[in-house]
There are 2 protein chains.
Amino acid sequence: MNKYTKAEKIRINSVGWMMKMISTRLDSLIKQELKRLGLDLKQFGVLMALLEEEGLTQTEIGKKITLPGYATTRTIDALEKKQLIERRTDERSRRSYRIYLTDKGHATGPELFIIINKVNEDLLSVLPATERKQLTTILQKILSAGFA
Amino acid sequence: MNKYTKAEKIRINSVGWMMKMISTRLDSLIKQELKRLGLDLKQFGVLMALLEEEGLTQTEIGKKITLPGYATTRTIDALEKKQLIERRTDERSRRSYRIYLTDKGHATGPELFIIINKVNEDLLSVLPATERKQLTTILQKILSAGFA
DNA sequence: TTGCAATTGTTGCAAATGCAACTTATAATG
DNA sequence: CATTATAAGTTGCATTTGCAACAATTGCAA
């Protein structure tokens, strides 16, 4: 017979389970780093989306970072109150806003990039370059196939 | 110059970011599947931990699935109310419980395994066997190195 | 042994979350 | 056009969450 129970085999071999474990840890690390900027994970996500492309609607932002509408609204409320972003009227449609970073918002960019790089380095530190590349390629493949 | 902004490069190349994206999607898929069992993600985690090994203390369960103490308490409260698990006194220590699955709890095992397998299959469907193996190996390496 | 520190688990309460309903605006259809 | 459907965004409210304080027990060290 086998020295593992069924559940143990699953935990050890399940890519999904392992990804969730790692992701939980990533959240915790990032949250920790964000604390000194006074930001939370959602705000971080919205800022990253806008650093990538400004002038998005709220819905577009939500899609990009997988955030439901009501949460996007509230996160943008919070970021606007901190004066990191601003809602501008969309001249093509009166029911949507176009979201832009303020100068203060742009200034957070470098700090956020540092956090991401630091966390990625932590995550990948045990892997040689070959495996880092393999992992990157594989994840890109999964995502570009429409998963998430 | 480069056709990508800095943030876009990060999003595309960041292993951490991609993992978080995928993990969010995994949560959503699993949550969806769990709905018909009347369970949430935390309860799912606790049950998986116990299917792997019974008789753990609450703290041990929390460590295994990365759940803080207060959440473990409440999740176990809920599972006990559903009669899927039971708290037994620990004869070695009067401040901790040993948690066991009930018959009803054991019976959920196969259903949970099916969910995991299904979600994993979705996740990996675009990858050939070689890459599946690579990914598994790499993730195991990261985790066994103490990340998470 | 006694006193202090650490562990285990629980809980009150404020804050965050998620659902569903809602408003307003645009698109589509006859 | 008028009507209906869809989309964008907001919000009330109940539930869930997370922090911090707590009680109870055990470990440790003087």
# chains A, B, ... in the order shown; residues from 1 in each chain; ligands from 1
$ residues_around --residues "DG12 in chain C" --least-positions-apart "4" --cutoff "12 Å" --atoms "only C-alpha atoms (C1' of nucleotides)" --output "PyMOL selection string"
chain D and resi 19-22
$ write_last_selection --atoms "C-alpha atoms (C1' of nucleotides)" --output "PDB file, in the first residue's frame"
ATOM      1  C1'  DC D  19      -7.780  43.326  15.624  1.00  0.00           C
ATOM      2  C1'  DA D  20      -7.055  43.422  20.186  1.00  0.00           C
ATOM      3  C1'  DA D  21      -8.226  42.076  24.637  1.00  0.00           C
ATOM      4  C1'  DC D  22      -9.314  38.222  27.337  1.00  0.00           C
TER       5       DC D  22
END
$ interface_residues --of "chain A" --to "chain C" --cutoff "8 Å" --atoms "only C-alpha atoms (C1' of nucleotides)" --output "number ranges by chain"
A: 93-95
$ write_last_selection --atoms "C-alpha atoms" --output "short mmCIF file (atom, residue, chain, number, x, y, z; two decimals), in the first residue's frame"
data_model
loop_
_atom_site.label_atom_id
_atom_site.label_comp_id
_atom_site.auth_asym_id
_atom_site.auth_seq_id
_atom_site.Cartn_x
_atom_site.Cartn_y
_atom_site.Cartn_z
CA SER A 93 -20.76 58.59 -22.03
CA ARG A 94 -22.34 60.24 -19.08
CA ARG A 95 -22.69 57.07 -17.10
#
$ closest_atom_pairs --of "chain D" --to "chain B" --cutoff "8 Å" --atoms "only C-alpha atoms (C1' of nucleotides)" --output "tab-separated table"
residue	atom	partner	partner_atom	distance
D:DA24	C1'	B:Arg95	CA	7.0
D:DT25	C1'	B:Arg95	CA	5.5
D:DT26	C1'	B:Ser93	CA	7.9
$ closest_atom_pairs --of "chain A" --to "chain B" --cutoff "9 Å" --atoms "only C-alpha atoms" --output "Markdown table"
| residue | atom | partner | partner_atom | distance |
| --- | --- | --- | --- | --- |
| A:Tyr4 | CA | B:Glu52 | CA | 8.5 |
| A:Thr5 | CA | B:Glu52 | CA | 6.3 |
| A:Lys6 | CA | B:Glu52 | CA | 7.2 |
| A:Ala7 | CA | B:Glu52 | CA | 4.7 |
| A:Glu8 | CA | B:Glu52 | CA | 5.0 |
| A:Lys9 | CA | B:Glu52 | CA | 8.6 |
| A:Ile10 | CA | B:Phe113 | CA | 7.7 |
| A:Arg11 | CA | B:Met48 | CA | 8.3 |
| A:Ile12 | CA | B:Gln140 | CA | 7.6 |
| A:Asn13 | CA | B:Thr136 | CA | 6.9 |
| A:Ser14 | CA | B:Asn120 | CA | 7.0 |
| A:Val15 | CA | B:Thr136 | CA | 6.0 |
| A:Gly16 | CA | B:Asn120 | CA | 5.7 |
| A:Trp17 | CA | B:Ile116 | CA | 8.1 |
| A:Met18 | CA | B:Leu139 | CA | 6.6 |
| A:Met19 | CA | B:Ser23 | CA | 6.3 |
| A:Lys20 | CA | B:Ser23 | CA | 5.6 |
| A:Met21 | CA | B:Ala148 | CA | 6.5 |
| A:Ile22 | CA | B:Ala148 | CA | 5.9 |
| A:Ser23 | CA | B:Lys20 | CA | 5.6 |
| A:Thr24 | CA | B:Ala148 | CA | 7.6 |
| A:Arg25 | CA | B:Ala148 | CA | 5.1 |
| A:Leu26 | CA | B:Gly16 | CA | 7.0 |
| A:Asp27 | CA | B:Lys20 | CA | 8.1 |
| A:Met48 | CA | B:Ala7 | CA | 6.6 |
| A:Ala49 | CA | B:Ala7 | CA | 7.9 |
| A:Leu50 | CA | B:Ala7 | CA | 8.6 |
| A:Leu51 | CA | B:Ala7 | CA | 5.7 |
| A:Glu52 | CA | B:Ala7 | CA | 4.7 |
| A:Glu53 | CA | B:Glu8 | CA | 8.2 |
| A:Ile65 | CA | B:Met21 | CA | 7.6 |
| A:Thr66 | CA | B:Met21 | CA | 7.7 |
| A:Gly109 | CA | B:Ala7 | CA | 8.2 |
| A:Phe113 | CA | B:Ala7 | CA | 7.7 |
| A:Ile116 | CA | B:Gly16 | CA | 7.7 |
| A:Asn117 | CA | B:Ser14 | CA | 8.0 |
| A:Val119 | CA | B:Gly16 | CA | 7.4 |
| A:Asn120 | CA | B:Gly16 | CA | 5.7 |
| A:Asp122 | CA | B:Phe147 | CA | 8.2 |
| A:Leu123 | CA | B:Phe147 | CA | 6.9 |
| A:Leu124 | CA | B:Ile142 | CA | 7.4 |
| A:Ser125 | CA | B:Ile142 | CA | 8.5 |
| A:Val126 | CA | B:Ile142 | CA | 6.6 |
| A:Leu127 | CA | B:Ile142 | CA | 7.6 |
| A:Glu131 | CA | B:Ile138 | CA | 7.0 |
| A:Arg132 | CA | B:Val15 | CA | 8.6 |
| A:Gln134 | CA | B:Gln134 | CA | 7.6 |
| A:Leu135 | CA | B:Leu135 | CA | 6.5 |
| A:Thr136 | CA | B:Val15 | CA | 6.0 |
| A:Ile138 | CA | B:Glu131 | CA | 7.0 |
| A:Leu139 | CA | B:Met18 | CA | 6.6 |
| A:Gln140 | CA | B:Met18 | CA | 7.5 |
| A:Lys141 | CA | B:Val126 | CA | 7.6 |
| A:Ile142 | CA | B:Val126 | CA | 6.6 |
| A:Leu143 | CA | B:Ile22 | CA | 7.4 |
| A:Ala145 | CA | B:Val126 | CA | 7.0 |
| A:Phe147 | CA | B:Leu123 | CA | 6.9 |
| A:Ala148 | CA | B:Arg25 | CA | 5.1 |
$ select_by_dssp --residues "chain A" --states "strand (DSSP E)" --output "number ranges by chain"
A: 85-90, 93-101
$ atom_distance --atom1 "CA of Lys31 in chain A" --atom2 "CA of Phe44 in chain A"
9.2 Å
